[in-house]
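What follows is the content of upload-v8.txt (compact mmCIF, C-alpha atoms).
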```
# COMPACT_ATOMS: atom_id res chain seq x y z
CA MET A 27 91.75 97.74 117.58
CA PHE A 28 94.83 98.01 119.76
CA GLU A 29 95.25 95.13 122.19
CA LEU A 30 97.35 96.16 125.17
CA LYS A 31 98.83 93.26 127.12
CA ASN A 32 100.62 93.06 130.45
CA LYS A 33 103.13 90.33 129.60
CA GLU A 34 104.92 90.23 132.96
CA GLU A 35 105.54 92.61 135.82
CA ASN A 36 106.52 95.96 134.30
CA GLN A 37 106.33 94.63 130.73
CA PHE A 38 103.62 95.91 128.43
CA HIS A 39 103.16 95.27 124.72
CA PHE A 40 100.47 96.04 122.17
CA ASN A 41 99.32 94.88 118.76
CA LEU A 42 97.21 96.71 116.23
CA LYS A 43 94.69 94.32 114.71
CA ALA A 44 92.72 94.72 111.49
CA LYS A 45 88.97 94.18 111.46
CA ASN A 46 89.56 90.53 110.49
CA GLY A 47 91.63 90.01 113.66
CA GLN A 48 94.99 89.79 111.90
CA ILE A 49 97.92 91.54 113.62
CA ILE A 50 99.20 94.30 111.36
CA LEU A 51 101.59 96.10 113.72
CA SER A 52 103.36 95.16 116.96
CA SER A 53 105.12 97.32 119.53
CA GLU A 54 108.30 96.99 121.48
CA ILE A 55 108.20 96.10 125.19
CA TYR A 56 107.38 99.03 127.48
CA THR A 57 108.11 99.22 131.21
CA SER A 58 104.78 100.83 132.12
CA LYS A 59 101.20 100.89 130.92
CA ALA A 60 101.42 104.68 130.53
CA ALA A 61 104.45 104.37 128.24
CA ALA A 62 102.65 101.75 126.12
CA LYS A 63 99.61 104.03 125.85
CA ASN A 64 101.94 106.85 124.77
CA GLY A 65 103.27 104.48 122.08
CA ILE A 66 99.72 103.88 120.85
CA ALA A 67 99.08 107.64 120.76
CA SER A 68 102.28 108.10 118.77
CA ILE A 69 101.18 105.49 116.24
CA GLN A 70 97.80 107.19 115.90
CA LYS A 71 99.53 110.53 115.36
CA ASN A 72 102.18 109.35 112.88
CA CYS A 73 100.46 106.55 110.94
CA THR A 74 98.90 108.68 108.20
CA ASP A 75 102.23 110.21 107.10
CA ASP A 76 103.83 107.94 104.49
CA ILE A 77 107.31 109.31 105.23
CA ARG A 78 107.12 107.67 108.68
CA TYR A 79 107.18 104.17 107.14
CA GLU A 80 110.50 102.43 106.68
CA ARG A 81 110.10 99.67 104.10
CA LYS A 82 112.56 96.81 104.56
CA THR A 83 113.54 93.46 103.06
CA ALA A 84 114.67 90.73 105.44
CA LYS A 85 117.61 88.41 104.72
CA ASN A 86 115.12 85.68 103.79
CA GLY A 87 113.64 87.90 101.05
CA LYS A 88 110.41 88.70 102.87
CA PHE A 89 109.14 92.25 103.25
CA TYR A 90 108.21 94.20 106.37
CA PHE A 91 107.94 97.77 107.57
CA ASN A 92 108.64 99.85 110.65
CA LEU A 93 106.61 102.88 111.65
CA LYS A 94 108.79 105.63 113.11
CA ALA A 95 108.00 108.64 115.29
CA THR A 96 109.17 112.12 114.36
CA ASN A 97 112.34 111.53 116.42
CA GLY A 98 113.21 108.48 114.27
CA GLN A 99 112.42 105.90 116.97
CA ILE A 100 110.59 102.76 115.81
CA ILE A 101 107.14 102.69 117.40
CA GLY A 102 105.77 99.63 115.60
CA SER A 103 106.86 96.81 113.32
CA SER A 104 104.84 94.71 110.91
CA GLN A 105 104.68 91.01 110.30
CA MET A 106 106.65 89.49 107.42
CA TYR A 107 105.05 89.57 103.98
CA THR A 108 105.86 87.33 101.01
CA SER A 109 105.39 90.17 98.52
CA GLU A 110 106.05 93.89 98.34
CA SER A 111 102.39 94.46 97.45
CA GLY A 112 101.36 92.60 100.61
CA MET A 113 103.58 94.92 102.65
CA GLU A 114 102.03 97.98 100.96
CA ASN A 115 98.56 96.62 101.80
CA GLY A 116 99.71 96.26 105.42
CA ILE A 117 100.78 99.92 105.48
CA LYS A 118 97.43 100.91 103.97
CA SER A 119 95.66 98.91 106.67
CA VAL A 120 97.61 100.67 109.45
CA LYS A 121 96.76 104.06 107.93
CA GLU A 122 93.07 103.12 107.82
CA ASN A 123 92.75 101.29 111.15
CA ALA A 124 95.08 103.00 113.62
CA PRO A 125 93.87 106.63 113.84
CA ASN A 126 90.53 105.89 115.50
CA SER A 127 91.06 102.42 116.94
CA GLU A 128 89.93 101.68 120.46
CA ILE A 129 92.29 100.21 123.05
CA LYS A 130 91.36 96.86 124.58
CA GLU A 131 93.35 95.90 127.67
CA LEU A 132 93.93 92.19 128.12
```
Starting from the file, lay out its structure as structure tokens.
Amino acid sequence: MFELKNKEENQFHFNLKAKNGQIILSSEIYTSKAAAKNGIASIQKNCTDDIRYERKTAKNGKFYFNLKATNGQIIGSSQMYTSESGMENGIKSVKENAPNSEIKEL
């Protein structure tokens, strides 16, 4: 499920959560609800294409990934993972959960 939050005036953010409630992908801050919903639609459109995932290693040695739109813009970022296999499982979870997830507004 996508949880769409109004953080402050003109600041919207969303998280994609797995069935167990764990956050698997987070968005940037958007200046309107419509823009945030467009971000969710972009994730749903791009999440099944493996080439859209940028796999990264942080300075502390942990692994994470960014999901990019066709224009190269980052549309979602993962949490930090202690192992590369954990990161790959996170990508698999996004691919499985995002395409048909409902949007819950908080």
Using only C-alpha atoms, I'd like a table of the residues in stretch 75-97 of chain A that come within 12 Å of stretch 52-55 of chain A; for each, show the closest atom pair and its distance in Å rounded to one decimal, ordered by chain and ascending number, as a tab-separated table.
```
residue	atom	partner	partner_atom	distance
A:Tyr90	CA	A:Ser52	CA	11.7
A:Phe91	CA	A:Ser52	CA	10.8
A:Asn92	CA	A:Ser52	CA	9.5
A:Leu93	CA	A:Ser53	CA	9.8
A:Lys94	CA	A:Ser53	CA	11.1
```
Atoms kept (C-alpha atoms) for selection, written as a PDB file, keeping the file's coordinate frame:
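Below is the file that was written, result02.pdb:
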```
ATOM      1  CA  TYR A  90     108.210  94.200 106.370  1.00  0.00           C
ATOM      2  CA  PHE A  91     107.940  97.770 107.570  1.00  0.00           C
ATOM      3  CA  ASN A  92     108.640  99.850 110.650  1.00  0.00           C
ATOM      4  CA  LEU A  93     106.610 102.880 111.650  1.00  0.00           C
ATOM      5  CA  LYS A  94     108.790 105.630 113.110  1.00  0.00           C
TER       6      LYS A  94
END
```
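Closest approach to A:Ile100 among A:Lys130, A:Gly65, A:Ile77, A:Ile117 is made by A:Gly65 (distances from all atoms listed in the file).
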Atom CA of A:Met106 to atom CA of A:Gln48: how many Å, to one decimal? 12.5 Å
List as CSV every residue of stretch 55-101 of chain A that is in contact with stretch 109-116 of chain A, defined as an atom at most 12 Å from one of its atoms (using only C-alpha atoms), together with the nearest atom pair and the distance in Å rounded to one decimal, sorted by chain and then rising number.
```
residue,atom,partner,partner_atom,distance
A:Cys73,CA,A:Gly116,CA,11.7
A:Asp76,CA,A:Glu114,CA,10.7
A:Tyr79,CA,A:Glu114,CA,10.2
A:Glu80,CA,A:Met113,CA,11.0
A:Arg81,CA,A:Met113,CA,8.2
A:Lys82,CA,A:Met113,CA,9.4
A:Thr83,CA,A:Glu110,CA,8.9
A:Ala84,CA,A:Ser109,CA,11.6
A:Asn86,CA,A:Ser109,CA,11.9
A:Gly87,CA,A:Ser109,CA,8.9
A:Lys88,CA,A:Ser109,CA,6.8
A:Phe89,CA,A:Glu110,CA,6.0
A:Tyr90,CA,A:Met113,CA,6.0
A:Phe91,CA,A:Met113,CA,7.2
A:Asn92,CA,A:Met113,CA,10.7
A:Leu93,CA,A:Gly116,CA,11.4
```
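For the choices A:Ala60, A:Ser103, A:Asn72, A:Ile66, the atom-to-atom distance to A:Met27 is smallest for A:Ile66 when using all atoms listed in the file.
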Excluding A:Asn126 and its own-chain neighbours fewer than 3 positions away, which residues fall within 9 Å of it when counting all atoms listed in the file? Please give them as JSON, numbers by chain. {"A": [27, 70, 122, 123]}
Near A:Phe28, within 12 Å and counting only C-alpha atoms, which residues show up once chain neighbours fewer than 3 positions away are dropped, as an NGL selection string? :A and (31 or 39-45 or 47-53 or 62-63 or 65-67 or 69-70 or 102 or 120 or 123-132)
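Between atom CA of A:Glu35 and atom CA of A:Ile101 lies a distance of 21.1 Å.
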What separation in Å, quoted to one decimal, exists between atom CA of A:Asn46 and atom CA of A:Ser104? 15.8 Å
Among A:Lys121, A:Tyr56, A:Lys85, A:Glu34, A:Lys71 is approached most closely, using all atoms listed in the file, by A:Lys121
